[in-house]
Amino acid sequence: MHRDVIATDRAPRPAGGYSQGIVVGRQVWVAGQVGIDPDTGIADEDVGIQTGQALTNIAAILAEAGATLADIVSVTAFLDSMDDYAAFDEAYRRLVPEPRPARATVGVSIAPFKVEIQATAVVPAARTD
């Protein structure tokens, strides 16, 4: 099995022993992204803004593989507090196009961040030819 590593300066650099993304065939796995702005290294305190930035980071990683947010088939979102679910979901719905991917949302302790989002996408065949 051949795996291609995805790396872009348009998303935060990995903070540990992992890749921003991995491509196998037409499938793309994007590592969990938090709301850090890659230009400033700072995350806003607002969960909606963190959600938007995390999705922007995911979009940048997907773009390196020839995919977009519309190509995502599955998302796992981690919220530091389930009290933030409505604000998270509102920001998510604004940015992720329909039909939206399958999604699980889990409450976990991820301080100092309020949200982390992991995604799996499939690059359309027309973009891989």
# chains A, B, ... in the order shown; residues from 1 in each chain; ligands from 1
$ residues_around --residues "stretch 71-87 of chain A" --least-positions-apart "2" --cutoff "9 Å" --atoms "only C-alpha atoms" --output "PDB file with C-alpha atoms, in the first residue's frame"
ATOM      1  CA  VAL A  28      -7.782  11.326   2.239  1.00  0.00           C
ATOM      2  CA  GLY A  32      -7.579  16.492  13.837  1.00  0.00           C
ATOM      3  CA  ASP A  46     -14.899  31.838  20.471  1.00  0.00           C
ATOM      4  CA  VAL A  47     -16.000  28.286  19.584  1.00  0.00           C
ATOM      5  CA  GLY A  48     -17.633  29.435  16.339  1.00  0.00           C
ATOM      6  CA  THR A  51     -14.707  25.877  14.267  1.00  0.00           C
ATOM      7  CA  LEU A  62      -7.637  18.726   1.420  1.00  0.00           C
ATOM      8  CA  ALA A  67     -10.196  17.650  -2.627  1.00  0.00           C
ATOM      9  CA  THR A  68     -12.552  20.175  -1.031  1.00  0.00           C
ATOM     10  CA  LEU A  69     -14.864  20.320   1.965  1.00  0.00           C
ATOM     11  CA  ASP A  89     -23.028  23.345  14.691  1.00  0.00           C
ATOM     12  CA  GLU A  90     -24.030  26.786  13.409  1.00  0.00           C
ATOM     13  CA  ALA A  91     -20.481  27.535  12.220  1.00  0.00           C
ATOM     14  CA  TYR A  92     -20.116  24.017  10.803  1.00  0.00           C
ATOM     15  CA  VAL A  96     -19.678  22.460   5.135  1.00  0.00           C
ATOM     16  CA  ARG A 100     -23.142  17.024   4.671  1.00  0.00           C
ATOM     17  CA  PRO A 101     -20.916  14.115   5.647  1.00  0.00           C
ATOM     18  CA  ALA A 102     -21.632  11.587   8.343  1.00  0.00           C
ATOM     19  CA  ARG A 103     -20.573  13.084  11.674  1.00  0.00           C
ATOM     20  CA  ALA A 104     -19.943  12.145  15.268  1.00  0.00           C
ATOM     21  CA  THR A 105     -19.578  14.844  17.911  1.00  0.00           C
ATOM     22  CA  VAL A 106     -17.932  13.911  21.178  1.00  0.00           C
ATOM     23  CA  GLY A 107     -17.429  15.861  24.404  1.00  0.00           C
ATOM     24  CA  VAL A 108     -13.829  15.546  25.636  1.00  0.00           C
ATOM     25  CA  SER A 109     -11.248  17.640  27.438  1.00  0.00           C
ATOM     26  CA  ILE A 110      -9.077  19.265  24.743  1.00  0.00           C
ATOM     27  CA  ALA A 111      -8.126  22.463  26.563  1.00  0.00           C
ATOM     28  CA  PRO A 112      -6.873  25.005  25.651  1.00  0.00           C
ATOM     29  CA  PHE A 113      -8.981  24.490  22.522  1.00  0.00           C
ATOM     30  CA  LYS A 114     -12.756  24.343  22.328  1.00  0.00           C
ATOM     31  CA  VAL A 115     -13.006  22.232  19.189  1.00  0.00           C
ATOM     32  CA  GLU A 116     -10.971  19.734  17.178  1.00  0.00           C
ATOM     33  CA  ILE A 117     -12.209  18.293  13.887  1.00  0.00           C
ATOM     34  CA  GLN A 118     -10.937  15.215  12.034  1.00  0.00           C
ATOM     35  CA  ALA A 119     -12.133  14.458   8.508  1.00  0.00           C
ATOM     36  CA  THR A 120     -12.029  11.760   5.856  1.00  0.00           C
ATOM     37  CA  ALA A 121     -12.644  12.621   2.211  1.00  0.00           C
ATOM     38  CA  VAL A 122     -12.696  10.919  -1.172  1.00  0.00           C
ATOM     39  CA  VAL A 123     -11.159  12.764  -4.112  1.00  0.00           C
ATOM     40  CA  PRO A 124     -13.529  12.547  -7.094  1.00  0.00           C
TER      41      PRO A 124
END
$ atom_distance --atom1 "atom CA of A:Gln50" --atom2 "atom CA of A:Gln27"
25.6 Å
$ atom_distance --atom1 "atom CA of A:His2" --atom2 "atom CA of A:Arg26"
11.5 Å
$ select_by_dssp --residues "chain A" --states "strand (DSSP E or B)" --output "ChimeraX atom specification"
/A:4-6,21-24,27-34,36,43,72-79,102-107,115-122
$ residues_around --residues "A:Pro14" --least-positions-apart "4" --cutoff "10 Å" --atoms "only C-alpha atoms" --output "list in words"
Ala7, Tyr18, Ser19, Gln20, Gly21, Ala31, Gly32 and Gln33 of chain A
$ select_by_dssp --residues "chain A" --states "helix (DSSP H, G or I)" --output "PyMOL selection string"
chain A and resi 47-64+69-71+82-95+125-128
$ residues_around --residues "A:Gly35" --least-positions-apart "4" --cutoff "6 Å" --atoms "only C-alpha atoms" --output "compact mmCIF listing (two decimals) with N, CA and C atoms, in the first residue's frame"
# COMPACT_ATOMS: atom_id res chain seq x y z
N ALA A 43 -5.25 30.86 18.52
CA ALA A 43 -6.63 30.42 18.39
C ALA A 43 -7.52 31.43 19.11
N GLN A 50 -13.26 29.28 16.25
CA GLN A 50 -12.35 28.12 16.24
C GLN A 50 -12.84 27.06 15.26
N GLN A 53 -12.01 28.23 11.73
CA GLN A 53 -10.58 28.12 11.45
C GLN A 53 -10.17 26.66 11.29
N ALA A 54 -10.70 25.78 12.13
CA ALA A 54 -10.38 24.36 12.00
C ALA A 54 -10.81 23.84 10.62
$ residues_around --residues "A:Pro12" --least-positions-apart "5" --cutoff "9 Å" --atoms "only C-alpha atoms" --output "NGL selection string"
:A and (20 or 33-34 or 36-39 or 41 or 57)
$ atom_distance --atom1 "atom CA of A:Arg3" --atom2 "atom CA of A:Pro97"
27.5 Å
$ decode --residues "stretch 75-91 of chain A" --atoms "N, CA, C and O atoms" --output "PDB file, in the first residue's frame"
ATOM      1  N   VAL A  75     -16.810  12.961   9.420  1.00  0.00           N
ATOM      2  CA  VAL A  75     -16.190  13.921  10.333  1.00  0.00           C
ATOM      3  C   VAL A  75     -16.368  13.413  11.759  1.00  0.00           C
ATOM      4  O   VAL A  75     -17.427  12.890  12.111  1.00  0.00           O
ATOM      5  N   THR A  76     -15.321  13.574  12.550  1.00  0.00           N
ATOM      6  CA  THR A  76     -15.447  13.404  13.992  1.00  0.00           C
ATOM      7  C   THR A  76     -15.044  14.730  14.611  1.00  0.00           C
ATOM      8  O   THR A  76     -13.952  15.241  14.341  1.00  0.00           O
ATOM      9  N   ALA A  77     -15.950  15.304  15.388  1.00  0.00           N
ATOM     10  CA  ALA A  77     -15.702  16.585  16.045  1.00  0.00           C
ATOM     11  C   ALA A  77     -15.621  16.350  17.546  1.00  0.00           C
ATOM     12  O   ALA A  77     -16.435  15.622  18.117  1.00  0.00           O
ATOM     13  N   PHE A  78     -14.643  16.989  18.157  1.00  0.00           N
ATOM     14  CA  PHE A  78     -14.435  16.894  19.600  1.00  0.00           C
ATOM     15  C   PHE A  78     -14.658  18.272  20.190  1.00  0.00           C
ATOM     16  O   PHE A  78     -14.022  19.234  19.771  1.00  0.00           O
ATOM     17  N   LEU A  79     -15.586  18.373  21.148  1.00  0.00           N
ATOM     18  CA  LEU A  79     -15.875  19.651  21.807  1.00  0.00           C
ATOM     19  C   LEU A  79     -15.428  19.584  23.254  1.00  0.00           C
ATOM     20  O   LEU A  79     -15.691  18.592  23.949  1.00  0.00           O
ATOM     21  N   ASP A  80     -14.773  20.641  23.698  1.00  0.00           N
ATOM     22  CA  ASP A  80     -14.328  20.713  25.088  1.00  0.00           C
ATOM     23  C   ASP A  80     -15.527  20.769  26.031  1.00  0.00           C
ATOM     24  O   ASP A  80     -15.452  20.305  27.155  1.00  0.00           O
ATOM     25  N   SER A  81     -16.630  21.330  25.541  1.00  0.00           N
ATOM     26  CA  SER A  81     -17.866  21.391  26.329  1.00  0.00           C
ATOM     27  C   SER A  81     -19.051  21.199  25.396  1.00  0.00           C
ATOM     28  O   SER A  81     -19.184  21.923  24.399  1.00  0.00           O
ATOM     29  N   MET A  82     -19.904  20.268  25.726  1.00  0.00           N
ATOM     30  CA  MET A  82     -21.095  20.066  24.897  1.00  0.00           C
ATOM     31  C   MET A  82     -22.045  21.259  24.988  1.00  0.00           C
ATOM     32  O   MET A  82     -22.953  21.391  24.169  1.00  0.00           O
ATOM     33  N   ASP A  83     -21.817  22.161  25.941  1.00  0.00           N
ATOM     34  CA  ASP A  83     -22.585  23.400  26.003  1.00  0.00           C
ATOM     35  C   ASP A  83     -22.329  24.263  24.773  1.00  0.00           C
ATOM     36  O   ASP A  83     -23.128  25.140  24.450  1.00  0.00           O
ATOM     37  N   ASP A  84     -21.207  24.016  24.062  1.00  0.00           N
ATOM     38  CA  ASP A  84     -20.853  24.778  22.859  1.00  0.00           C
ATOM     39  C   ASP A  84     -21.413  24.160  21.585  1.00  0.00           C
ATOM     40  O   ASP A  84     -21.139  24.652  20.487  1.00  0.00           O
ATOM     41  N   TYR A  85     -22.200  23.081  21.715  1.00  0.00           N
ATOM     42  CA  TYR A  85     -22.661  22.354  20.536  1.00  0.00           C
ATOM     43  C   TYR A  85     -23.411  23.257  19.542  1.00  0.00           C
ATOM     44  O   TYR A  85     -23.141  23.211  18.344  1.00  0.00           O
ATOM     45  N   ALA A  86     -24.330  24.068  20.012  1.00  0.00           N
ATOM     46  CA  ALA A  86     -25.139  24.892  19.093  1.00  0.00           C
ATOM     47  C   ALA A  86     -24.257  25.868  18.311  1.00  0.00           C
ATOM     48  O   ALA A  86     -24.418  26.009  17.090  1.00  0.00           O
ATOM     49  N   ALA A  87     -23.319  26.525  18.974  1.00  0.00           N
ATOM     50  CA  ALA A  87     -22.427  27.476  18.288  1.00  0.00           C
ATOM     51  C   ALA A  87     -21.516  26.748  17.307  1.00  0.00           C
ATOM     52  O   ALA A  87     -21.268  27.223  16.192  1.00  0.00           O
ATOM     53  N   PHE A  88     -21.013  25.586  17.720  1.00  0.00           N
ATOM     54  CA  PHE A  88     -20.198  24.765  16.824  1.00  0.00           C
ATOM     55  C   PHE A  88     -21.003  24.374  15.588  1.00  0.00           C
ATOM     56  O   PHE A  88     -20.557  24.538  14.454  1.00  0.00           O
ATOM     57  N   ASP A  89     -22.213  23.839  15.795  1.00  0.00           N
ATOM     58  CA  ASP A  89     -23.028  23.345  14.691  1.00  0.00           C
ATOM     59  C   ASP A  89     -23.415  24.472  13.731  1.00  0.00           C
ATOM     60  O   ASP A  89     -23.444  24.268  12.524  1.00  0.00           O
ATOM     61  N   GLU A  90     -23.687  25.645  14.271  1.00  0.00           N
ATOM     62  CA  GLU A  90     -24.030  26.786  13.409  1.00  0.00           C
ATOM     63  C   GLU A  90     -22.859  27.138  12.490  1.00  0.00           C
ATOM     64  O   GLU A  90     -23.040  27.319  11.281  1.00  0.00           O
ATOM     65  N   ALA A  91     -21.658  27.223  13.039  1.00  0.00           N
ATOM     66  CA  ALA A  91     -20.481  27.535  12.220  1.00  0.00           C
ATOM     67  C   ALA A  91     -20.204  26.413  11.222  1.00  0.00           C
ATOM     68  O   ALA A  91     -19.890  26.665  10.049  1.00  0.00           O
TER      69      ALA A  91
END
